[in-house]
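Enquirer: First the structure, then my questions, so here it is.
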Amino acid sequence: MTRNLINTVMFTVPDPMVFIDSSGAIEDANPAATTLFGDWIIGRNYAALLRQPALLSQIDTVLAGAAAAEARIERADQTGVSQYRVRISAVETPEGRALLLHFNDITHLGEAQEMRRDFVANVSHELRTPLTSMIGFIETLRGPARNDADAQDRFLSIMEEEALRMDRLISDLLSLSRVESVKRLRPNDTVDLAGVVASVIATLTPRARDTGNVLRLIHDGTPAMIQGDRDQVIQVFLNLAENALKYGGAEKPVTIAISRGQGSGATVGEILIVDVTDEGEGIASLHLPRLTERFYRVDSHRSREMGGTGLGLAIVKHIVNRHRGRLKITSKRGQGSTFSVQFPAISEAS
């Protein structure tokens, strides 16, 4: 490989790359490498830059005759600890054996593994609690309560609630899996947001009536068309409206307002905004950034009592992202909460 070709490769690859000459000095580094390590590295011996024993050992292996080697290193900075897979390749030059180092950032792989571990741990915990409860009741029904009809009715009722709780959790897990499986496929159907919201209100009105709540729709009647998946959009507003009814409190109104606006960033252009507002206790600001995390709950005990699985808002976020939209949450203690969904608008003719 000629020096010109090496230089072309280094400055074409977006990952950090460093060229070490036969004397052990860092002769060249591409922009990504100087951003990572700093301009001072040029001309320095590689040992002054790469002080991690695992990497230095593999460099020695290549210098001793191996064609290539690989090592993993960690680097800490103000943003945290990053992990890199470093590929070390031998380059024969007239002056002797040189080295080409390629740094591949694999931090996201570790984060993904950690997320999977946390997810499995959370699911296990969510299922273990009702299962443990049901096993205890079964043992009691087979033993001390074998001939106690009142205890049997009471325990069976609780077991039914726990079984339904597990069923809701599994349903939400399957729903989340389906949403994630198509997250990169943008839906192509035309959906009338006003029709979706009206359908959601019609579905939830009997339930709202039982608790003295009122579901109100605010919309000027103009077409509110978006490009989307109707079933998923219905799922978004069913979830948000159900949450507003549950956490807004009995005999409190829930308002769903549809309006237009101008987006910014990825949603630049005309947008449709749907605000789902309750008049409940509100949510402390420290919780707002984490509400869409899987299994995150402001009040775990209260959420479970109300049938929550901790996955609803995570599903909403994934669906909104698939539709190239945004989810914004605002709340003040004692004044209620507003969950605002923004979608790119399309004309009725589209």
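Within each chain, counting starts at residue 1; across the structure tokens, chains are named A, B, ... in the order shown, with ligands numbered 1 upward in that order.
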DSSP on the backbone, then: every residue of segment 55-179 of chain A marked strand (DSSP E or B), written as a PyMOL selection string.

Expert: chain A and resi 68-77+80-93+96-105

Enquirer: Could the residues of segment 153-231 of chain A that have an atom at most 6 Å from segment 305-329 of chain A be listed as JSON lines, each with its closest atom pair and the distance in Å to one decimal, counting only C-alpha atoms and ordered by chain and ascending residue number?

Expert:
```
{"residue": "A:Leu169", "atom": "CA", "partner": "A:Thr309", "partner_atom": "CA", "distance": 5.6}
{"residue": "A:Leu176", "atom": "CA", "partner": "A:Ile315", "partner_atom": "CA", "distance": 5.5}
{"residue": "A:Lys183", "atom": "CA", "partner": "A:Arg322", "partner_atom": "CA", "distance": 5.1}
```

Enquirer: Could you name the residues that touch segment 273-282 of chain A at 7 Å or less, counting only C-alpha atoms, but leaving out those on the same chain fewer than 5 positions away, as an MDAnalysis selection string?

Expert: chainID A and resid 240:241 244 247:249 252:260 331:343

Enquirer: Which residues come within 7 Å of Tyr46 of chain A, counting only C-alpha atoms, excluding same-chain residues fewer than 5 positions away, as a PDB file with N, CA and C atoms, in the first residue's frame?

Expert:
```pdb
ATOM      1  N   GLY A  24       8.091   4.558  15.211  1.00  0.00           N
ATOM      2  CA  GLY A  24       7.153   4.614  16.339  1.00  0.00           C
ATOM      3  C   GLY A  24       6.524   5.973  16.536  1.00  0.00           C
ATOM      4  N   ALA A  25       6.824   6.922  15.643  1.00  0.00           N
ATOM      5  CA  ALA A  25       6.239   8.259  15.761  1.00  0.00           C
ATOM      6  C   ALA A  25       4.919   8.325  14.994  1.00  0.00           C
ATOM      7  N   ILE A  26       4.001   9.100  15.514  1.00  0.00           N
ATOM      8  CA  ILE A  26       2.717   9.297  14.832  1.00  0.00           C
ATOM      9  C   ILE A  26       2.951  10.300  13.713  1.00  0.00           C
TER      10      ILE A  26
END
```

Enquirer: For each of A:Arg184, A:His102, A:Arg168, A:Arg97, take the minimum atom-to-atom distance to Val13 of chain A, counting only C-alpha atoms, then give the residue where this is smallest.

Expert: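 Going through A:Arg184, A:His102, A:Arg168, A:Arg97 one by one, the smallest distance to Val13 of chain A is for A:His102.
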
Enquirer: Of the candidates A:Gly96, A:Met17, A:Asp118, A:Gly80, which shows the shortest atom-to-atom distance to Phe295 of chain A, using only C-alpha atoms?

Expert: A:Asp118

Enquirer: A:Ile346, A:Arg154, A:Thr211, A:Gln83: which is nearest Asn188 of chain A, counting only C-alpha atoms?

Expert: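 Result for the nearest residue to Asn188 of chain A: A:Ile346.
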
Enquirer: Using only C-alpha atoms, which protein or nucleic acid residues come within 10 Å of Leu204 of chain A? Drop anything in the same chain fewer than 6 positions from it, and give the result as a count of residues only.

Expert: 6

Enquirer: In Å, how far is it from atom CA of Ala198 of chain A to atom CA of Gln227 of chain A?

Expert: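 Atom-to-atom, atom CA of Ala198 of chain A to atom CA of Gln227 of chain A, that is 17.9 Å.
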
Enquirer: Extract, using only C-alpha atoms, all DNA, RNA and protein residues at most 10 Å from segment 33-43 of chain A, discarding same-chain residues fewer than 4 positions from it, and format them as a ChimeraX atom specification.

Expert: /A:10,14-21,24-29,48-50,75,77,102-103

Enquirer: Keeping only N, CA, C and O atoms, write the selected residues as an mmCIF file, in the first residue's frame.

Expert:
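Result file follows (out.cif):
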```cif
data_model
loop_
_atom_site.group_PDB
_atom_site.id
_atom_site.type_symbol
_atom_site.label_atom_id
_atom_site.label_comp_id
_atom_site.auth_asym_id
_atom_site.auth_seq_id
_atom_site.Cartn_x
_atom_site.Cartn_y
_atom_site.Cartn_z
ATOM 1 N N MET A 10 -7.249 7.199 4.881
ATOM 2 C CA MET A 10 -7.392 7.829 6.196
ATOM 3 C C MET A 10 -8.352 9.003 6.165
ATOM 4 O O MET A 10 -9.193 9.173 7.066
ATOM 5 N N PRO A 14 -14.589 8.059 8.028
ATOM 6 C CA PRO A 14 -15.035 9.001 9.052
ATOM 7 C C PRO A 14 -14.549 8.678 10.459
ATOM 8 O O PRO A 14 -14.543 9.537 11.334
ATOM 9 N N ASP A 15 -14.121 7.414 10.673
ATOM 10 C CA ASP A 15 -13.626 7.025 11.995
ATOM 11 C C ASP A 15 -12.208 7.550 12.211
ATOM 12 O O ASP A 15 -11.457 7.765 11.248
ATOM 13 N N PRO A 16 -11.790 7.704 13.461
ATOM 14 C CA PRO A 16 -10.405 8.113 13.733
ATOM 15 C C PRO A 16 -9.405 7.094 13.199
ATOM 16 O O PRO A 16 -9.557 5.887 13.409
ATOM 17 N N MET A 17 -8.371 7.585 12.507
ATOM 18 C CA MET A 17 -7.296 6.725 12.006
ATOM 19 C C MET A 17 -5.955 7.416 12.246
ATOM 20 O O MET A 17 -5.831 8.634 12.068
ATOM 21 N N VAL A 18 -4.985 6.609 12.642
ATOM 22 C CA VAL A 18 -3.652 7.129 12.962
ATOM 23 C C VAL A 18 -2.606 6.292 12.224
ATOM 24 O O VAL A 18 -2.695 5.049 12.216
ATOM 25 N N PHE A 19 -1.608 6.979 11.618
ATOM 26 C CA PHE A 19 -0.514 6.292 10.936
ATOM 27 C C PHE A 19 0.749 6.462 11.767
ATOM 28 O O PHE A 19 1.170 7.580 12.077
ATOM 29 N N ILE A 20 1.360 5.325 12.131
ATOM 30 C CA ILE A 20 2.574 5.326 12.941
ATOM 31 C C ILE A 20 3.723 4.845 12.065
ATOM 32 O O ILE A 20 3.664 3.742 11.495
ATOM 33 N N ASP A 21 4.767 5.661 11.937
ATOM 34 C CA ASP A 21 5.863 5.276 11.041
ATOM 35 C C ASP A 21 6.757 4.223 11.691
ATOM 36 O O ASP A 21 6.545 3.805 12.834
ATOM 37 N N GLY A 24 8.091 4.558 15.211
ATOM 38 C CA GLY A 24 7.153 4.614 16.339
ATOM 39 C C GLY A 24 6.524 5.973 16.536
ATOM 40 O O GLY A 24 5.759 6.167 17.489
ATOM 41 N N ALA A 25 6.824 6.922 15.643
ATOM 42 C CA ALA A 25 6.239 8.259 15.761
ATOM 43 C C ALA A 25 4.919 8.325 14.994
ATOM 44 O O ALA A 25 4.756 7.677 13.961
ATOM 45 N N ILE A 26 4.001 9.100 15.514
ATOM 46 C CA ILE A 26 2.717 9.297 14.832
ATOM 47 C C ILE A 26 2.951 10.300 13.713
ATOM 48 O O ILE A 26 3.124 11.497 13.946
ATOM 49 N N GLU A 27 2.961 9.775 12.489
ATOM 50 C CA GLU A 27 3.274 10.618 11.336
ATOM 51 C C GLU A 27 2.061 11.378 10.832
ATOM 52 O O GLU A 27 2.177 12.504 10.349
ATOM 53 N N ASP A 28 0.873 10.754 10.951
ATOM 54 C CA ASP A 28 -0.318 11.405 10.403
ATOM 55 C C ASP A 28 -1.552 10.932 11.164
ATOM 56 O O ASP A 28 -1.571 9.855 11.760
ATOM 57 N N ALA A 29 -2.577 11.761 11.135
ATOM 58 C CA ALA A 29 -3.859 11.431 11.760
ATOM 59 C C ALA A 29 -4.947 12.166 11.008
ATOM 60 O O ALA A 29 -4.764 13.321 10.599
ATOM 61 N N ALA A 48 3.210 7.516 23.994
ATOM 62 C CA ALA A 48 2.778 8.676 24.771
ATOM 63 C C ALA A 48 1.282 8.920 24.620
ATOM 64 O O ALA A 48 0.644 9.516 25.490
ATOM 65 N N LEU A 49 0.735 8.444 23.529
ATOM 66 C CA LEU A 49 -0.698 8.627 23.272
ATOM 67 C C LEU A 49 -1.503 7.417 23.734
ATOM 68 O O LEU A 49 -2.526 7.553 24.405
ATOM 69 N N LEU A 50 -1.024 6.254 23.388
ATOM 70 C CA LEU A 50 -1.787 5.019 23.616
ATOM 71 C C LEU A 50 -1.206 4.298 24.831
ATOM 72 O O LEU A 50 -0.350 3.428 24.709
ATOM 73 N N ARG A 75 -11.936 5.376 26.728
ATOM 74 C CA ARG A 75 -11.452 6.748 26.912
ATOM 75 C C ARG A 75 -12.516 7.545 27.652
ATOM 76 O O ARG A 75 -13.707 7.484 27.312
ATOM 77 N N ASP A 77 -13.920 11.256 28.988
ATOM 78 C CA ASP A 77 -13.889 12.707 28.810
ATOM 79 C C ASP A 77 -15.072 13.314 29.542
ATOM 80 O O ASP A 77 -15.725 12.645 30.353
ATOM 81 N N HIS A 102 -7.042 1.948 13.281
ATOM 82 C CA HIS A 102 -8.425 2.358 13.001
ATOM 83 C C HIS A 102 -9.239 2.231 14.283
ATOM 84 O O HIS A 102 -9.368 1.140 14.842
ATOM 85 N N PHE A 103 -9.808 3.345 14.760
ATOM 86 C CA PHE A 103 -10.582 3.366 16.002
ATOM 87 C C PHE A 103 -12.080 3.373 15.667
ATOM 88 O O PHE A 103 -12.585 4.325 15.060
#
```

Enquirer: List every residue of segment 80-298 of chain A that DSSP, applied to the backbone of this structure, assigns to alpha helix (DSSP H), and report them as number ranges by chain.

Expert: A: 107-142, 149-181, 193-210, 230-248

Enquirer: Considering only C-alpha atoms, state which residue in the set A:Val91, A:Val81, A:Ala208, A:Ile283 is at the smallest distance from Glu251 of chain A.

Expert: A:Ala208
